[in-house]
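**Student:** What follows is a structure written as C-alpha cells; I'll ask about it next.
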Amino acid sequence: DFLCLDRCLNSLKYLLCLPQKKGSFVASDVEQLKQAIAECKRLILELPEHSEKQKDTVIKLIHLRLKLQELKDPEEDEPNLQVLLEHRFSKEKSKSVKQMCDKCSTIIWGLIQTWYTCTGCYYRCHSKCMNLINKPCVRSKVSHQSEYELSICPEVGLDKQDYRCAECRTPISLRGVPNEARQCDYTGQYYCSSCHWNDTAIIPSRVIHNWEFEPRQVCRTSMRYLALMISRPVLKLKEINPLLFNFVEELVEIRKLRQDILLMKPYFITCKEAMEARLLLHLQDRQHFVENDDMYSLQDLIDTSSGRLSCSLTEIHTTFAKHIKLDCEKCQAKGFMCELCKEGDILFPFDNHTSVCHDCFAVFHRDCYYDNSTTCPRCARMLERQHEESQNP
C-alpha cells in the first residue's frame, strides 16, 4: 500500500509541475489529489502508531491538502482589499498565526486558507465567508455615536427578545436548546454562541458607578466597540457621577495635576524654547489633558486605578514646572509677587501654596488672600482706573 501511494504521488508531481495558466486547472488533477488524500488517511489509520512511515504519510497528507487548496482557491484571484458594509478588509499574509473566523466561528488555517482582517474593527474571516457577512463595521458606530451605555447591565429579558439572539436572530434559550443564550454584561442583551464567545472586557458603567474594574463577559460586537472606545475622552465624571471624587482619592490627585497642566499651557504656547523642545508632546497620548480637566477616557480611569497615570502625570508635571521655574528666564519673568504681603519667592498659579483671582488671574499666597483681604488688589486698581476714565473721558 505504501509503495502504491508513492507511485500515485510521483504521477501527481509530474501533472502538477506542468505549466498552467493562473487560476486554471485540470479536473482530473483534482480528482487524483482527492484519491491520494483518501489513501493517505486510510494508511495513517492502518500504520503502526508513531512509526516513521506513519509520520511520513502525515507529512505527505499535509502537502496534498495544500496543493488541493491552491488548485481550488488560487491566491492570485483574491483581491488585496475589499470593502463591505463599511468594513475595509485587507488580505492577510501571515500563514503561521492561528485565528478564528468571526463569521463561521471555525479556525482559520493560514497555510491553506485565504483570510481577511478589517482594518477598522479587526473583524476576521475566511475569504469564503466574505459574502455571508451581515454585521457592519463597529468603527462606523464609534465615529457616529461616541458614547457609552451608562446603565449597569440593562437587561430586558429573553422574552422581550422573542427568545432570539439580539444580533443574528438565531433562536436561543437558557437551557441551551436549540442554542445557548449568553448575556452581554455591557448591553444586557442575550446572544447566541456565534455572536458571543465569552470574551471579557471592563464595563464603563461599573467603573463610573462602582469603581469596579473586574472584566465581564461581553458579545463580540461589544468587545470590539469597547476596544475602539477605550482611549476616547467621552466621560464627563462631574456630570455623570460627581460623588466619585469623594470616594476615590486618586481621582482628586489626577484632577489637580490636570488643572496645573492647564495653567502651565499658556507659558509653553508663548515660549519659543518650550515650542522647540515640544514639551506638550509629552501628553500626545492623552491630548485631552491639555484641552480640559473634566473629560476622561476609560483608559484614564483604568490607569488611575492601577496607579500608572498618577506616576506618569507627576513626572510630566515635574518636567513642566522645572522648565517654567528654573530652566527658562522668559517663563520665570511671567511669575507673580504676592501684592498682599510683598514677601517670598516668585509665585506661579500652579504652586500648591497659592490662590488665583478668578477675575484677573493674579496670584497670591493662599494664606494672605483668604486671611488678610477679600478683595483682589489688582482688581481694585483696575476698577479704580475704569472709574477715573469714566469721570474724565
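Going by the C-alpha cells order, chains are called A, B, ..., each with residues numbered from 1, while ligands are numbered from 1 in the order shown.
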Taking 5 positions as the minimum chain separation for residues in the same chain, which residues sit within 10 Å of Lys236 of chain A when counting only C-alpha atoms? Answer as a PyMOL selection string.
**Tutor:** chain A and resi 241-242+293-297
**Student:** Per residue of segment 237-286 of chain A within 12 Å of segment 348-352 of chain A, note the shortest atom pair and the distance in Å to one decimal, counting only C-alpha atoms, and order the rows by chain and increasing residue number, as CSV.
**Tutor:**
```
residue,atom,partner,partner_atom,distance
A:Lys256,CA,A:Phe350,CA,9.2
A:Leu257,CA,A:Phe350,CA,8.9
A:Arg258,CA,A:Phe350,CA,10.2
A:Gln259,CA,A:Phe350,CA,8.0
A:Asp260,CA,A:Phe350,CA,4.9
A:Ile261,CA,A:Phe350,CA,7.9
A:Leu262,CA,A:Phe350,CA,9.0
A:Leu263,CA,A:Phe350,CA,6.3
A:Met264,CA,A:Phe350,CA,7.2
A:Lys265,CA,A:Phe350,CA,10.8
A:Pro266,CA,A:Pro349,CA,11.3
A:Tyr267,CA,A:Phe348,CA,10.6
```
**Student:** Based on DSSP run over this structure's backbone, return all residues of segment 53-234 of chain A in alpha helix (DSSP H), as number ranges by chain.
**Tutor:** A: 53-72, 138-144, 204-210, 220-229
**Student:** Could you pull out the strand (DSSP E) residues of segment 169-374 of chain A from DSSP and send them as a list of chain:residue names?
**Tutor:**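 Taking segment 169-374 of chain A and keeping strand (DSSP E) gives A:Arg182, A:Gln183, A:Tyr190, A:Tyr191, A:Asp199, A:Thr200, A:Ala201, A:Arg216, A:Gln217, A:Val218, A:Leu235, A:Lys236, A:Met295, A:Tyr296, A:Thr354, A:Ser355, A:Val356, A:Val363, A:Phe364, A:His365.
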**Student:** Find the residues near segment 321-337 of chain A: any atom within 8 Å, counting only C-alpha atoms, skip ones fewer than 5 places away on the same chain, and give them as an mmCIF file with all heavy atoms, in the first residue's frame.
**Tutor:**
```cif
data_model
loop_
_atom_site.group_PDB
_atom_site.id
_atom_site.type_symbol
_atom_site.label_atom_id
_atom_site.label_comp_id
_atom_site.auth_asym_id
_atom_site.auth_seq_id
_atom_site.Cartn_x
_atom_site.Cartn_y
_atom_site.Cartn_z
ATOM 1 N N MET A 264 -0.182 75.688 33.171
ATOM 2 C CA MET A 264 1.158 75.775 32.578
ATOM 3 C C MET A 264 1.112 75.977 31.061
ATOM 4 O O MET A 264 2.047 76.523 30.473
ATOM 5 C CB MET A 264 1.942 74.489 32.878
ATOM 6 C CG MET A 264 2.230 74.252 34.344
ATOM 7 S SD MET A 264 3.029 72.633 34.574
ATOM 8 C CE MET A 264 3.178 72.545 36.343
ATOM 9 N N TYR A 267 2.108 79.280 29.313
ATOM 10 C CA TYR A 267 3.548 79.565 29.341
ATOM 11 C C TYR A 267 4.241 78.923 28.138
ATOM 12 O O TYR A 267 5.106 79.529 27.503
ATOM 13 C CB TYR A 267 4.170 79.033 30.639
ATOM 14 C CG TYR A 267 3.776 79.800 31.876
ATOM 15 C CD1 TYR A 267 2.602 79.489 32.565
ATOM 16 C CD2 TYR A 267 4.580 80.828 32.375
ATOM 17 C CE1 TYR A 267 2.238 80.173 33.720
ATOM 18 C CE2 TYR A 267 4.223 81.522 33.534
ATOM 19 C CZ TYR A 267 3.052 81.192 34.191
ATOM 20 O OH TYR A 267 2.695 81.886 35.321
ATOM 21 N N CYS A 271 6.250 80.485 24.670
ATOM 22 C CA CYS A 271 7.694 80.309 24.901
ATOM 23 C C CYS A 271 8.326 79.594 23.711
ATOM 24 O O CYS A 271 7.960 78.450 23.397
ATOM 25 C CB CYS A 271 7.918 79.507 26.191
ATOM 26 S SG CYS A 271 9.659 79.113 26.509
ATOM 27 N N GLU A 273 11.404 78.447 23.385
ATOM 28 C CA GLU A 273 12.201 77.282 23.799
ATOM 29 C C GLU A 273 11.311 76.070 24.082
ATOM 30 O O GLU A 273 11.651 74.936 23.727
ATOM 31 C CB GLU A 273 13.020 77.632 25.044
ATOM 32 C CG GLU A 273 14.118 78.652 24.786
ATOM 33 C CD GLU A 273 14.932 78.921 26.042
ATOM 34 O OE1 GLU A 273 14.772 78.161 27.028
ATOM 35 O OE2 GLU A 273 15.722 79.885 26.040
ATOM 36 N N ALA A 274 10.158 76.320 24.714
ATOM 37 C CA ALA A 274 9.238 75.221 25.012
ATOM 38 C C ALA A 274 8.656 74.633 23.737
ATOM 39 O O ALA A 274 8.485 73.411 23.618
ATOM 40 C CB ALA A 274 8.118 75.709 25.922
ATOM 41 N N LYS A 342 3.835 91.114 49.972
ATOM 42 C CA LYS A 342 5.031 91.597 49.268
ATOM 43 C C LYS A 342 6.301 90.895 49.762
ATOM 44 O O LYS A 342 7.371 91.501 49.839
ATOM 45 C CB LYS A 342 5.165 93.111 49.405
ATOM 46 C CG LYS A 342 4.010 93.877 48.782
ATOM 47 C CD LYS A 342 4.198 95.368 48.923
ATOM 48 C CE LYS A 342 3.119 96.124 48.177
ATOM 49 N NZ LYS A 342 1.758 95.819 48.624
ATOM 50 N N GLU A 343 6.165 89.650 50.105
ATOM 51 C CA GLU A 343 7.308 88.861 50.581
ATOM 52 C C GLU A 343 7.327 87.500 49.870
ATOM 53 O O GLU A 343 6.360 87.094 49.246
ATOM 54 C CB GLU A 343 7.202 88.632 52.102
ATOM 55 C CG GLU A 343 7.290 89.902 52.932
ATOM 56 C CD GLU A 343 7.133 89.617 54.412
ATOM 57 O OE1 GLU A 343 6.927 88.420 54.754
ATOM 58 O OE2 GLU A 343 7.205 90.565 55.214
ATOM 59 N N GLY A 344 8.464 86.827 50.022
ATOM 60 C CA GLY A 344 8.574 85.478 49.493
ATOM 61 C C GLY A 344 9.079 85.437 48.066
ATOM 62 O O GLY A 344 9.450 86.446 47.463
ATOM 63 N N ASP A 345 9.105 84.221 47.522
ATOM 64 C CA ASP A 345 9.621 83.992 46.174
ATOM 65 C C ASP A 345 8.584 84.346 45.116
ATOM 66 O O ASP A 345 7.445 84.693 45.423
ATOM 67 C CB ASP A 345 10.018 82.516 46.036
ATOM 68 C CG ASP A 345 11.121 82.124 47.015
ATOM 69 O OD1 ASP A 345 11.948 82.994 47.338
ATOM 70 O OD2 ASP A 345 11.127 80.949 47.441
ATOM 71 N N ILE A 346 9.029 84.217 43.868
ATOM 72 C CA ILE A 346 8.121 84.406 42.739
ATOM 73 C C ILE A 346 7.054 83.313 42.778
ATOM 74 O O ILE A 346 7.354 82.135 42.992
ATOM 75 C CB ILE A 346 8.884 84.340 41.395
ATOM 76 C CG1 ILE A 346 9.972 85.414 41.365
ATOM 77 C CG2 ILE A 346 7.930 84.509 40.220
ATOM 78 C CD1 ILE A 346 9.450 86.824 41.415
ATOM 79 N N LEU A 347 5.813 83.698 42.557
ATOM 80 C CA LEU A 347 4.696 82.750 42.629
ATOM 81 C C LEU A 347 4.184 82.411 41.231
ATOM 82 O O LEU A 347 4.222 83.244 40.326
ATOM 83 C CB LEU A 347 3.549 83.348 43.447
ATOM 84 C CG LEU A 347 3.871 83.778 44.881
ATOM 85 C CD1 LEU A 347 2.639 84.374 45.541
ATOM 86 C CD2 LEU A 347 4.386 82.597 45.696
ATOM 87 N N PHE A 348 3.692 81.198 41.107
ATOM 88 C CA PHE A 348 3.084 80.750 39.861
ATOM 89 C C PHE A 348 1.720 80.130 40.187
ATOM 90 O O PHE A 348 1.526 79.580 41.278
ATOM 91 C CB PHE A 348 3.977 79.723 39.155
ATOM 92 C CG PHE A 348 5.276 80.305 38.665
ATOM 93 C CD1 PHE A 348 6.409 80.301 39.479
ATOM 94 C CD2 PHE A 348 5.353 80.863 37.402
ATOM 95 C CE1 PHE A 348 7.601 80.841 39.019
ATOM 96 C CE2 PHE A 348 6.546 81.406 36.936
ATOM 97 C CZ PHE A 348 7.672 81.397 37.750
ATOM 98 N N ALA A 362 -4.540 87.123 38.962
ATOM 99 C CA ALA A 362 -3.369 87.452 39.781
ATOM 100 C C ALA A 362 -3.155 86.336 40.804
ATOM 101 O O ALA A 362 -4.105 85.658 41.221
ATOM 102 C CB ALA A 362 -3.571 88.780 40.487
ATOM 103 N N VAL A 363 -1.892 86.143 41.231
ATOM 104 C CA VAL A 363 -1.540 85.032 42.121
ATOM 105 C C VAL A 363 -1.080 85.584 43.465
ATOM 106 O O VAL A 363 -0.297 86.544 43.527
ATOM 107 C CB VAL A 363 -0.426 84.164 41.494
ATOM 108 C CG1 VAL A 363 -0.097 82.981 42.394
ATOM 109 C CG2 VAL A 363 -0.857 83.666 40.107
ATOM 110 N N PHE A 364 -1.551 84.957 44.548
ATOM 111 C CA PHE A 364 -1.200 85.370 45.913
ATOM 112 C C PHE A 364 -0.882 84.127 46.731
ATOM 113 O O PHE A 364 -1.223 83.004 46.348
ATOM 114 C CB PHE A 364 -2.377 86.110 46.567
ATOM 115 C CG PHE A 364 -2.922 87.247 45.759
ATOM 116 C CD1 PHE A 364 -3.992 87.050 44.894
ATOM 117 C CD2 PHE A 364 -2.371 88.517 45.846
ATOM 118 C CE1 PHE A 364 -4.505 88.081 44.148
ATOM 119 C CE2 PHE A 364 -2.877 89.563 45.108
ATOM 120 C CZ PHE A 364 -3.945 89.348 44.245
#
```
**Student:** So that I can check the surroundings of Lys141 of chain A, please list as a PyMOL selection string every protein, DNA and RNA residue that reaches within 12 Å of it, counting only C-alpha atoms and ignoring chain neighbours fewer than 4 positions away.
**Tutor:** chain A and resi 85-87+120-121+135-137+145-148+221-222+224-226+228-229
**Student:** What's the separation between atom CA of Thr106 of chain A and atom CA of Ile202 of chain A, in Å to one decimal place?
**Tutor:** 26.0 Å
